[in-house]
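A.B. asks: I'm passing along work-v1.cif; it holds mmCIF, N, CA and C atoms.
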data_coords
#
loop_
_atom_site.label_atom_id
_atom_site.label_comp_id
_atom_site.auth_asym_id
_atom_site.auth_seq_id
_atom_site.Cartn_x
_atom_site.Cartn_y
_atom_site.Cartn_z
N MET A 26 8.30 -7.87 -17.29
CA MET A 26 8.95 -6.94 -18.20
C MET A 26 9.71 -7.69 -19.28
N LYS A 27 10.35 -8.82 -18.94
CA LYS A 27 11.12 -9.57 -19.92
C LYS A 27 10.22 -10.17 -21.00
N VAL A 28 9.02 -10.52 -20.65
CA VAL A 28 8.08 -11.08 -21.61
C VAL A 28 7.44 -9.97 -22.44
N PHE A 29 7.26 -8.83 -21.84
CA PHE A 29 6.59 -7.72 -22.51
C PHE A 29 7.43 -7.15 -23.65
N LEU A 30 8.73 -7.05 -23.47
CA LEU A 30 9.61 -6.45 -24.48
C LEU A 30 9.58 -7.21 -25.81
N PRO A 31 9.75 -8.54 -25.84
CA PRO A 31 9.66 -9.24 -27.13
C PRO A 31 8.29 -9.12 -27.79
N LEU A 32 7.23 -9.15 -26.99
CA LEU A 32 5.89 -9.00 -27.55
C LEU A 32 5.71 -7.61 -28.14
N PHE A 33 6.20 -6.61 -27.45
CA PHE A 33 6.09 -5.25 -27.94
C PHE A 33 6.89 -5.07 -29.23
N LEU A 34 8.10 -5.63 -29.27
CA LEU A 34 8.92 -5.51 -30.47
C LEU A 34 8.28 -6.23 -31.65
N SER A 35 7.73 -7.40 -31.43
CA SER A 35 7.08 -8.12 -32.53
C SER A 35 5.86 -7.36 -33.03
N PHE A 36 5.07 -6.79 -32.13
CA PHE A 36 3.92 -5.99 -32.53
C PHE A 36 4.36 -4.76 -33.31
N LEU A 37 5.42 -4.12 -32.84
CA LEU A 37 5.93 -2.93 -33.50
C LEU A 37 6.42 -3.25 -34.91
N LEU A 38 7.14 -4.37 -35.04
CA LEU A 38 7.65 -4.75 -36.35
C LEU A 38 6.53 -5.13 -37.30
N GLN A 39 5.51 -5.80 -36.81
CA GLN A 39 4.38 -6.18 -37.67
C GLN A 39 3.59 -4.96 -38.09
N SER A 40 3.44 -4.02 -37.20
CA SER A 40 2.67 -2.82 -37.54
C SER A 40 3.43 -1.92 -38.50
N CYS A 41 4.74 -2.02 -38.51
CA CYS A 41 5.55 -1.20 -39.41
C CYS A 41 5.77 -1.89 -40.76
N ASN A 42 5.13 -3.03 -40.98
CA ASN A 42 5.26 -3.78 -42.22
C ASN A 42 6.71 -4.19 -42.44
N TYR A 43 7.36 -4.61 -41.39
CA TYR A 43 8.76 -4.99 -41.40
C TYR A 43 8.83 -6.37 -40.76
N SER A 44 9.18 -7.38 -41.50
CA SER A 44 9.12 -8.74 -40.99
C SER A 44 10.31 -9.05 -40.08
N LEU A 45 10.14 -10.08 -39.29
CA LEU A 45 11.22 -10.51 -38.40
C LEU A 45 12.41 -11.06 -39.18
N VAL A 46 12.14 -11.62 -40.35
CA VAL A 46 13.23 -12.13 -41.18
C VAL A 46 14.10 -10.97 -41.66
N ASP A 47 13.46 -9.89 -42.10
CA ASP A 47 14.22 -8.71 -42.51
C ASP A 47 15.00 -8.11 -41.35
N PHE A 48 14.38 -8.12 -40.18
CA PHE A 48 15.04 -7.62 -38.98
C PHE A 48 16.28 -8.47 -38.66
N ALA A 49 16.15 -9.79 -38.77
CA ALA A 49 17.27 -10.69 -38.51
C ALA A 49 18.39 -10.48 -39.53
N HIS A 50 18.04 -10.28 -40.81
CA HIS A 50 19.05 -10.01 -41.83
C HIS A 50 19.78 -8.70 -41.54
N ASP A 51 19.05 -7.68 -41.13
CA ASP A 51 19.69 -6.40 -40.80
C ASP A 51 20.65 -6.53 -39.62
N ILE A 52 20.24 -7.28 -38.60
CA ILE A 52 21.11 -7.51 -37.44
C ILE A 52 22.36 -8.28 -37.87
N ASP A 53 22.19 -9.30 -38.72
CA ASP A 53 23.33 -10.07 -39.21
C ASP A 53 24.29 -9.18 -40.01
N ASN A 54 23.75 -8.33 -40.87
CA ASN A 54 24.61 -7.46 -41.68
C ASN A 54 25.38 -6.48 -40.82
N LYS A 55 24.72 -5.87 -39.85
CA LYS A 55 25.39 -4.92 -38.95
C LYS A 55 26.44 -5.61 -38.08
N SER A 56 26.11 -6.80 -37.57
CA SER A 56 27.08 -7.51 -36.73
C SER A 56 28.27 -7.98 -37.57
N PHE A 57 28.04 -8.35 -38.83
CA PHE A 57 29.16 -8.76 -39.68
C PHE A 57 30.07 -7.57 -39.98
N GLN A 58 29.49 -6.41 -40.23
CA GLN A 58 30.30 -5.22 -40.51
C GLN A 58 31.16 -4.82 -39.31
N SER A 59 30.63 -4.99 -38.11
CA SER A 59 31.39 -4.56 -36.94
C SER A 59 32.25 -5.67 -36.34
N LEU A 60 31.72 -6.89 -36.26
CA LEU A 60 32.43 -7.98 -35.59
C LEU A 60 33.03 -9.02 -36.52
N GLY A 61 32.51 -9.10 -37.75
CA GLY A 61 32.98 -10.13 -38.68
C GLY A 61 32.25 -11.45 -38.52
N ALA A 62 31.14 -11.46 -37.78
CA ALA A 62 30.36 -12.68 -37.58
C ALA A 62 28.88 -12.33 -37.57
N THR A 63 28.05 -13.34 -37.84
CA THR A 63 26.61 -13.12 -37.85
C THR A 63 25.99 -13.66 -36.57
N VAL A 64 24.78 -13.21 -36.26
CA VAL A 64 24.09 -13.62 -35.04
C VAL A 64 23.07 -14.72 -35.32
N PHE A 65 22.23 -14.51 -36.34
CA PHE A 65 21.12 -15.43 -36.60
C PHE A 65 21.42 -16.48 -37.66
N SER A 66 22.09 -16.11 -38.73
CA SER A 66 22.36 -17.07 -39.80
C SER A 66 23.75 -17.66 -39.63
N GLU A 67 23.99 -18.75 -40.35
CA GLU A 67 25.29 -19.41 -40.31
C GLU A 67 25.82 -19.56 -41.74
N PRO A 68 26.38 -18.48 -42.30
CA PRO A 68 26.92 -18.58 -43.66
C PRO A 68 28.17 -19.44 -43.67
N GLU A 69 28.40 -20.08 -44.80
CA GLU A 69 29.56 -20.95 -44.95
C GLU A 69 30.74 -20.14 -45.47
N GLU A 70 31.89 -20.26 -44.83
CA GLU A 70 33.09 -19.58 -45.30
C GLU A 70 33.76 -20.47 -46.34
N VAL A 71 33.85 -19.96 -47.56
CA VAL A 71 34.38 -20.74 -48.67
C VAL A 71 35.45 -19.95 -49.40
N SER A 72 36.27 -20.67 -50.18
CA SER A 72 37.23 -19.99 -51.02
C SER A 72 36.54 -19.62 -52.33
N ILE A 73 37.13 -18.70 -53.04
CA ILE A 73 36.56 -18.27 -54.31
C ILE A 73 36.60 -19.41 -55.32
N LYS A 74 37.63 -20.22 -55.26
CA LYS A 74 37.73 -21.37 -56.17
C LYS A 74 36.59 -22.36 -55.96
N GLN A 75 36.18 -22.57 -54.70
CA GLN A 75 35.05 -23.46 -54.42
C GLN A 75 33.78 -22.96 -55.08
N ILE A 76 33.56 -21.65 -55.08
CA ILE A 76 32.36 -21.09 -55.71
C ILE A 76 32.40 -21.33 -57.22
N HIS A 77 33.57 -21.15 -57.83
CA HIS A 77 33.67 -21.36 -59.28
C HIS A 77 33.50 -22.84 -59.66
N LEU A 78 34.07 -23.73 -58.87
CA LEU A 78 34.01 -25.16 -59.22
C LEU A 78 32.69 -25.81 -58.84
N ASP A 79 32.11 -25.42 -57.72
CA ASP A 79 30.87 -26.02 -57.24
C ASP A 79 29.73 -25.02 -57.33
N ASN A 80 29.60 -24.30 -58.45
CA ASN A 80 28.66 -23.19 -58.49
C ASN A 80 27.21 -23.62 -58.49
N THR A 81 26.86 -24.80 -58.98
CA THR A 81 25.45 -25.20 -59.01
C THR A 81 24.87 -25.35 -57.62
N PRO A 82 25.50 -26.09 -56.70
CA PRO A 82 24.92 -26.16 -55.35
C PRO A 82 25.11 -24.89 -54.52
N MET A 83 26.01 -24.02 -54.94
CA MET A 83 26.27 -22.80 -54.19
C MET A 83 25.29 -21.68 -54.49
N VAL A 84 24.65 -21.70 -55.65
CA VAL A 84 23.76 -20.62 -56.05
C VAL A 84 22.60 -20.51 -55.06
N GLY A 85 22.37 -19.29 -54.57
CA GLY A 85 21.31 -19.05 -53.60
C GLY A 85 21.73 -19.23 -52.15
N ARG A 86 22.98 -19.60 -51.92
CA ARG A 86 23.44 -19.79 -50.54
C ARG A 86 24.20 -18.56 -50.06
N GLN A 87 24.12 -18.33 -48.76
CA GLN A 87 24.83 -17.21 -48.16
C GLN A 87 26.22 -17.70 -47.79
N VAL A 88 27.25 -16.96 -48.23
CA VAL A 88 28.63 -17.36 -48.01
C VAL A 88 29.45 -16.18 -47.50
N VAL A 89 30.62 -16.51 -46.99
CA VAL A 89 31.62 -15.51 -46.60
C VAL A 89 32.87 -15.82 -47.40
N ILE A 90 33.37 -14.81 -48.12
CA ILE A 90 34.63 -14.96 -48.83
C ILE A 90 35.60 -13.90 -48.31
N GLU A 91 36.88 -14.21 -48.45
CA GLU A 91 37.91 -13.28 -47.98
C GLU A 91 38.96 -13.14 -49.07
N GLY A 92 39.39 -11.91 -49.29
CA GLY A 92 40.42 -11.67 -50.29
C GLY A 92 40.76 -10.20 -50.39
N GLU A 93 41.63 -9.89 -51.35
CA GLU A 93 42.06 -8.52 -51.59
C GLU A 93 41.26 -7.92 -52.73
N ILE A 94 40.92 -6.65 -52.61
CA ILE A 94 40.24 -5.94 -53.68
C ILE A 94 41.29 -5.58 -54.74
N VAL A 95 41.09 -6.08 -55.96
CA VAL A 95 42.05 -5.81 -57.04
C VAL A 95 41.51 -4.83 -58.06
N ASP A 96 40.19 -4.65 -58.11
CA ASP A 96 39.60 -3.70 -59.05
C ASP A 96 38.31 -3.15 -58.45
N VAL A 97 38.07 -1.87 -58.70
CA VAL A 97 36.87 -1.21 -58.18
C VAL A 97 36.14 -0.57 -59.35
N GLY A 98 34.82 -0.74 -59.40
CA GLY A 98 34.01 -0.13 -60.44
C GLY A 98 34.02 1.39 -60.32
N LYS A 99 33.77 2.05 -61.44
CA LYS A 99 33.84 3.51 -61.49
C LYS A 99 32.92 4.18 -60.47
N TYR A 100 31.72 3.66 -60.30
CA TYR A 100 30.74 4.26 -59.39
C TYR A 100 30.50 3.40 -58.15
N LEU A 101 31.49 2.58 -57.78
CA LEU A 101 31.41 1.67 -56.62
C LEU A 101 30.21 0.73 -56.71
N THR A 102 29.90 0.26 -57.91
CA THR A 102 28.82 -0.70 -58.06
C THR A 102 29.32 -2.12 -57.99
N TYR A 103 30.63 -2.32 -58.15
CA TYR A 103 31.21 -3.65 -58.05
C TYR A 103 32.67 -3.56 -57.64
N VAL A 104 33.19 -4.65 -57.13
CA VAL A 104 34.62 -4.82 -56.90
C VAL A 104 35.00 -6.22 -57.38
N VAL A 105 36.26 -6.40 -57.69
CA VAL A 105 36.79 -7.72 -57.99
C VAL A 105 37.70 -8.10 -56.84
N VAL A 106 37.40 -9.24 -56.23
CA VAL A 106 38.14 -9.71 -55.07
C VAL A 106 38.96 -10.93 -55.49
N SER A 107 40.19 -10.99 -55.02
CA SER A 107 41.08 -12.09 -55.37
C SER A 107 41.66 -12.71 -54.11
N ASP A 108 41.71 -14.04 -54.10
CA ASP A 108 42.46 -14.73 -53.05
C ASP A 108 43.56 -15.54 -53.74
N GLU A 109 44.17 -16.50 -53.06
CA GLU A 109 45.29 -17.25 -53.62
C GLU A 109 44.86 -18.10 -54.81
N SER A 110 43.58 -18.44 -54.91
CA SER A 110 43.14 -19.43 -55.90
C SER A 110 42.41 -18.85 -57.11
N ALA A 111 41.68 -17.76 -56.96
CA ALA A 111 40.85 -17.25 -58.06
C ALA A 111 40.42 -15.81 -57.80
N ARG A 112 39.61 -15.29 -58.72
CA ARG A 112 39.04 -13.94 -58.60
C ARG A 112 37.53 -14.05 -58.68
N MET A 113 36.82 -13.09 -58.05
CA MET A 113 35.36 -13.13 -58.02
C MET A 113 34.82 -11.72 -58.15
N LEU A 114 33.77 -11.59 -58.96
CA LEU A 114 33.05 -10.34 -59.09
C LEU A 114 32.08 -10.24 -57.92
N VAL A 115 32.11 -9.09 -57.23
CA VAL A 115 31.22 -8.85 -56.09
C VAL A 115 30.40 -7.60 -56.41
N ILE A 116 29.08 -7.76 -56.44
CA ILE A 116 28.17 -6.66 -56.75
C ILE A 116 27.85 -5.90 -55.46
N LEU A 117 27.95 -4.58 -55.49
CA LEU A 117 27.77 -3.75 -54.29
C LEU A 117 26.52 -2.87 -54.35
N THR A 118 25.63 -3.07 -55.31
CA THR A 118 24.53 -2.13 -55.52
C THR A 118 23.58 -2.05 -54.33
N GLY A 119 23.37 -3.11 -53.58
CA GLY A 119 22.47 -3.05 -52.44
C GLY A 119 23.15 -2.67 -51.15
N LEU A 120 24.44 -2.37 -51.22
CA LEU A 120 25.24 -2.11 -50.02
C LEU A 120 25.35 -0.61 -49.79
N GLN A 121 25.24 -0.19 -48.53
CA GLN A 121 25.35 1.22 -48.21
C GLN A 121 26.50 1.44 -47.25
N GLY A 122 27.18 2.56 -47.40
CA GLY A 122 28.22 2.94 -46.46
C GLY A 122 29.58 2.36 -46.73
N PHE A 123 29.81 1.74 -47.88
CA PHE A 123 31.12 1.18 -48.19
C PHE A 123 31.86 2.11 -49.13
N THR A 124 33.07 2.48 -48.77
CA THR A 124 33.91 3.32 -49.62
C THR A 124 35.30 2.72 -49.71
N VAL A 125 35.92 2.90 -50.86
CA VAL A 125 37.29 2.45 -51.07
C VAL A 125 38.09 3.68 -51.47
N LYS A 126 39.15 3.93 -50.76
CA LYS A 126 40.00 5.07 -51.07
C LYS A 126 40.99 4.65 -52.17
N GLU A 127 42.17 5.16 -52.14
CA GLU A 127 43.17 4.86 -53.16
C GLU A 127 43.78 3.47 -53.01
N ASN A 128 43.72 2.89 -51.82
CA ASN A 128 44.37 1.60 -51.59
C ASN A 128 43.47 0.47 -52.10
N ARG A 129 43.77 -0.03 -53.26
CA ARG A 129 42.95 -1.09 -53.85
C ARG A 129 43.34 -2.46 -53.31
N ASN A 130 44.47 -2.59 -52.67
CA ASN A 130 44.88 -3.88 -52.12
C ASN A 130 44.38 -4.08 -50.71
N LEU A 131 43.18 -3.59 -50.44
CA LEU A 131 42.55 -3.70 -49.14
C LEU A 131 42.02 -5.13 -48.97
N ARG A 132 42.33 -5.75 -47.86
CA ARG A 132 41.85 -7.12 -47.60
C ARG A 132 40.51 -7.03 -46.88
N VAL A 133 39.50 -7.75 -47.39
CA VAL A 133 38.15 -7.68 -46.86
C VAL A 133 37.55 -9.08 -46.71
N LYS A 134 36.56 -9.16 -45.82
CA LYS A 134 35.68 -10.32 -45.71
C LYS A 134 34.31 -9.86 -46.19
N ILE A 135 33.68 -10.65 -47.03
CA ILE A 135 32.41 -10.26 -47.64
C ILE A 135 31.35 -11.30 -47.31
N LEU A 136 30.24 -10.82 -46.77
CA LEU A 136 29.06 -11.66 -46.54
C LEU A 136 28.12 -11.40 -47.71
N GLY A 137 27.74 -12.45 -48.42
CA GLY A 137 26.88 -12.24 -49.57
C GLY A 137 26.22 -13.51 -50.05
N MET A 138 25.41 -13.34 -51.09
CA MET A 138 24.65 -14.43 -51.68
C MET A 138 25.26 -14.76 -53.04
N VAL A 139 25.48 -16.05 -53.30
CA VAL A 139 26.01 -16.48 -54.59
C VAL A 139 24.87 -16.47 -55.60
N GLU A 140 25.12 -15.82 -56.74
CA GLU A 140 24.14 -15.77 -57.82
C GLU A 140 24.83 -16.12 -59.12
N ARG A 141 24.05 -16.34 -60.16
CA ARG A 141 24.60 -16.74 -61.44
C ARG A 141 24.31 -15.67 -62.49
N GLY A 142 25.32 -15.34 -63.28
CA GLY A 142 25.17 -14.34 -64.32
C GLY A 142 24.53 -14.91 -65.58
N LYS A 143 24.50 -14.10 -66.64
CA LYS A 143 23.86 -14.50 -67.89
C LYS A 143 24.48 -15.73 -68.52
N LYS A 144 25.76 -15.87 -68.48
CA LYS A 144 26.43 -17.00 -69.10
C LYS A 144 26.75 -18.11 -68.11
N GLY A 145 26.11 -18.08 -66.95
CA GLY A 145 26.30 -19.13 -65.96
C GLY A 145 27.48 -18.93 -65.04
N ILE A 146 28.16 -17.81 -65.17
CA ILE A 146 29.33 -17.54 -64.33
C ILE A 146 28.85 -17.00 -62.98
N PRO A 147 29.31 -17.57 -61.88
CA PRO A 147 28.83 -17.11 -60.57
C PRO A 147 29.44 -15.78 -60.16
N TYR A 148 28.69 -15.05 -59.36
CA TYR A 148 29.17 -13.83 -58.73
C TYR A 148 28.53 -13.74 -57.35
N VAL A 149 29.00 -12.82 -56.52
CA VAL A 149 28.48 -12.66 -55.17
C VAL A 149 27.82 -11.29 -55.06
N ARG A 150 26.59 -11.27 -54.56
CA ARG A 150 25.90 -10.00 -54.27
C ARG A 150 26.14 -9.71 -52.79
N ALA A 151 26.91 -8.66 -52.51
CA ALA A 151 27.35 -8.36 -51.15
C ALA A 151 26.20 -7.84 -50.29
N HIS A 152 26.14 -8.33 -49.05
CA HIS A 152 25.21 -7.82 -48.04
C HIS A 152 25.94 -7.00 -47.00
N ALA A 153 27.20 -7.38 -46.71
CA ALA A 153 28.02 -6.66 -45.73
C ALA A 153 29.50 -6.91 -46.03
N ILE A 154 30.32 -5.92 -45.70
CA ILE A 154 31.76 -6.02 -45.90
C ILE A 154 32.48 -5.60 -44.63
N LYS A 155 33.50 -6.37 -44.29
CA LYS A 155 34.31 -6.08 -43.10
C LYS A 155 35.76 -5.98 -43.55
N ASN A 156 36.42 -4.88 -43.21
CA ASN A 156 37.85 -4.74 -43.49
C ASN A 156 38.62 -5.65 -42.56
N VAL A 157 39.64 -6.32 -43.12
CA VAL A 157 40.45 -7.25 -42.35
C VAL A 157 41.81 -6.61 -42.13
N VAL A 158 42.25 -6.57 -40.89
CA VAL A 158 43.57 -6.02 -40.55
C VAL A 158 44.59 -7.12 -40.76
N MET A 159 45.60 -6.80 -41.56
CA MET A 159 46.63 -7.81 -41.85
C MET A 159 47.73 -7.78 -40.82
#
Could I get this file's structure written as structure tokens?

C.D. replies:
Amino acid sequence: MKVFLPLFLSFLLQSCNYSLVDFAHDIDNKSFQSLGATVFSEPEEVSIKQIHLDNTPMVGRQVVIEGEIVDVGKYLTYVVVSDESARMLVILTGLQGFTVKENRNLRVKILGMVERGKKGIPYVRAHAIKNVVM
């Protein structure tokens, strides 16, 4: 039975046109939202200042940043997160189920991918967000 279950799951995922990599990313995103940690990947926890200063090697890497939300986009498409050292634009367009009420000084941990904007300025595309209790 223990051998049959993984084989069945892999067959089911292949037949549904859903790859194991996508399945692993979904598990990581859900575990990060609930526990604050990932299961399959090992993202690097960095400060926002590190992303701004070392943006060339950081682009395309999965990172975890932590800070307070200081600004929220009108339609929840982005937030600006600030820590002690800098501020970072975080894009939320691929994220589902995240809402911000009136409290903009909410402290969060964000799992995301570092990307580069039009003028070379880095930003983070969020995959999962976890509220941090202070």

A.B. asks: Neighbouring residues of A:Lys99 were defined as those with any atom within 12 Å, considering only C-alpha atoms; residues of the same chain fewer than 5 positions away were excluded. Please report them as an MDAnalysis selection string.

C.D. replies: chainID A and resid 104 117 124:125

A.B. asks: Using the chain letters and numbers from the file, give me the residues hit by the PyMOL selection byres ((chain A and resi 103) around 5), as a PyMOL selection string.

C.D. replies: chain A and resi 97-98+101-102+104-105+115-117

A.B. asks: Based on the backbone DSSP call, show me all residues of chain A assigned strand (DSSP E), as a PyMOL selection string.

C.D. replies: chain A and resi 69-70+87-97+103-107+112-116+132-141+147-156

A.B. asks: Hey, could you pull the box centre and edge lengths for stretch 118-126 of chain A, axis-aligned, 4 Å padding per side, all listed atoms, to one decimal in Å, as AutoDock Vina command-line options?

C.D. replies:
--center_x 31.7 --center_y 1.0 --center_z -51.0 --size_x 26.5 --size_y 16.2 --size_z 17.1

A.B. asks: Atom CA of A:Glu67 to atom C of A:Gly145: how many Å, to one decimal?

C.D. replies: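 We find that atom CA of A:Glu67 and atom C of A:Gly145 lie 24.8 Å from each other.
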
A.B. asks: Let me know the residues the PyMOL selection byres ((chain A and resi 66) around 8) catches in the file above, as a compact mmCIF listing (two decimals) with N, CA and C atoms, keeping the file's coordinate frame.

C.D. replies:
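Now in result05.txt:
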# COMPACT_ATOMS: atom_id res chain seq x y z
N ALA A 49 16.15 -9.79 -38.77
CA ALA A 49 17.27 -10.69 -38.51
C ALA A 49 18.39 -10.48 -39.53
N HIS A 50 18.04 -10.28 -40.81
CA HIS A 50 19.05 -10.01 -41.83
C HIS A 50 19.78 -8.70 -41.54
N ILE A 52 20.24 -7.28 -38.60
CA ILE A 52 21.11 -7.51 -37.44
C ILE A 52 22.36 -8.28 -37.87
N ASP A 53 22.19 -9.30 -38.72
CA ASP A 53 23.33 -10.07 -39.21
C ASP A 53 24.29 -9.18 -40.01
N ALA A 62 31.14 -11.46 -37.78
CA ALA A 62 30.36 -12.68 -37.58
C ALA A 62 28.88 -12.33 -37.57
N THR A 63 28.05 -13.34 -37.84
CA THR A 63 26.61 -13.12 -37.85
C THR A 63 25.99 -13.66 -36.57
N VAL A 64 24.78 -13.21 -36.26
CA VAL A 64 24.09 -13.62 -35.04
C VAL A 64 23.07 -14.72 -35.32
N PHE A 65 22.23 -14.51 -36.34
CA PHE A 65 21.12 -15.43 -36.60
C PHE A 65 21.42 -16.48 -37.66
N GLU A 67 23.99 -18.75 -40.35
CA GLU A 67 25.29 -19.41 -40.31
C GLU A 67 25.82 -19.56 -41.74
N PRO A 68 26.38 -18.48 -42.30
CA PRO A 68 26.92 -18.58 -43.66
C PRO A 68 28.17 -19.44 -43.67
N GLU A 69 28.40 -20.08 -44.80
CA GLU A 69 29.56 -20.95 -44.95
C GLU A 69 30.74 -20.14 -45.47

A.B. asks: Measure the distance from atom CA of A:Glu109 to atom CA of A:Lys144 in Å and round it to one decimal.

C.D. replies: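 Taking atom CA of A:Glu109 as the start and atom CA of A:Lys144 as the end point, the length is 24.4 Å.
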
A.B. asks: Tell me which of A:Tyr100, A:Arg132, A:Gln75, A:Lys55 sits closest to A:Val157, counting all atoms listed in the file.

C.D. replies: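 Between A:Tyr100, A:Arg132, A:Gln75, A:Lys55, the residue approaching A:Val157 most closely is A:Arg132.
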
A.B. asks: So what do you get for atom C of A:Ile154 versus atom N of A:Ser110, distance-wise?

C.D. replies: 19.8 Å

A.B. asks: So that I can check the secondary structure, give me every residue of chain A assigned helix (DSSP H, G or I) by backbone DSSP, as a ChimeraX atom specification.

C.D. replies: /A:29-40,45-60,73-78,80-83

A.B. asks: Apply the PyMOL selection byres ((chain A and resi 87) around 6) to the structure shown and report the selected residues as an mmCIF file with N, CA and C atoms, in the coordinates of the input.

C.D. replies:
data_model
loop_
_atom_site.group_PDB
_atom_site.id
_atom_site.type_symbol
_atom_site.label_atom_id
_atom_site.label_comp_id
_atom_site.auth_asym_id
_atom_site.auth_seq_id
_atom_site.Cartn_x
_atom_site.Cartn_y
_atom_site.Cartn_z
ATOM 1 N N PRO A 68 26.380 -18.480 -42.300
ATOM 2 C CA PRO A 68 26.920 -18.580 -43.660
ATOM 3 C C PRO A 68 28.170 -19.440 -43.670
ATOM 4 N N GLU A 69 28.400 -20.080 -44.800
ATOM 5 C CA GLU A 69 29.560 -20.950 -44.950
ATOM 6 C C GLU A 69 30.740 -20.140 -45.470
ATOM 7 N N GLY A 85 22.370 -19.290 -54.570
ATOM 8 C CA GLY A 85 21.310 -19.050 -53.600
ATOM 9 C C GLY A 85 21.730 -19.230 -52.150
ATOM 10 N N ARG A 86 22.980 -19.600 -51.920
ATOM 11 C CA ARG A 86 23.440 -19.790 -50.540
ATOM 12 C C ARG A 86 24.200 -18.560 -50.060
ATOM 13 N N VAL A 88 27.250 -16.960 -48.230
ATOM 14 C CA VAL A 88 28.630 -17.360 -48.010
ATOM 15 C C VAL A 88 29.450 -16.180 -47.500
ATOM 16 N N VAL A 89 30.620 -16.510 -46.990
ATOM 17 C CA VAL A 89 31.620 -15.510 -46.600
ATOM 18 C C VAL A 89 32.870 -15.820 -47.400
ATOM 19 N N GLY A 137 27.740 -12.450 -48.420
ATOM 20 C CA GLY A 137 26.880 -12.240 -49.570
ATOM 21 C C GLY A 137 26.220 -13.510 -50.050
ATOM 22 N N MET A 138 25.410 -13.340 -51.090
ATOM 23 C CA MET A 138 24.650 -14.430 -51.680
ATOM 24 C C MET A 138 25.260 -14.760 -53.040
ATOM 25 N N VAL A 139 25.480 -16.050 -53.300
ATOM 26 C CA VAL A 139 26.010 -16.480 -54.590
ATOM 27 C C VAL A 139 24.870 -16.470 -55.600
#

A.B. asks: Pick the closest to A:Ala151 from A:Val71, A:Leu60, A:Leu114, A:Val84: which is it, counting only N, CA and C atoms?

C.D. replies: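 For A:Ala151, the nearest of the candidates is A:Leu114.
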
A.B. asks: Could you pull the residues within 8 Å of A:Ile146, counting only N, CA and C atoms, minus those fewer than 4 positions along the same chain, as a list in words?

C.D. replies: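 The residues satisfying every condition are His77, Asn80, Glu140, Arg141 and Gly142 of chain A.
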
A.B. asks: Point out the residue among A:Ala111, A:Ile135, A:Pro82, A:Ser59 with the least atom-to-atom distance to A:His152, counting all atoms listed in the file.

C.D. replies: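 Residue with the minimum atom-to-atom distance to A:His152: A:Ile135.
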
A.B. asks: Using all atoms listed in the file for the distances, tell me which of A:Glu93, A:Gln58, A:Asp47, A:Asp79 is nearest to A:Asn130.

C.D. replies: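 Closest residue, counting all atoms listed in the file: A:Glu93.
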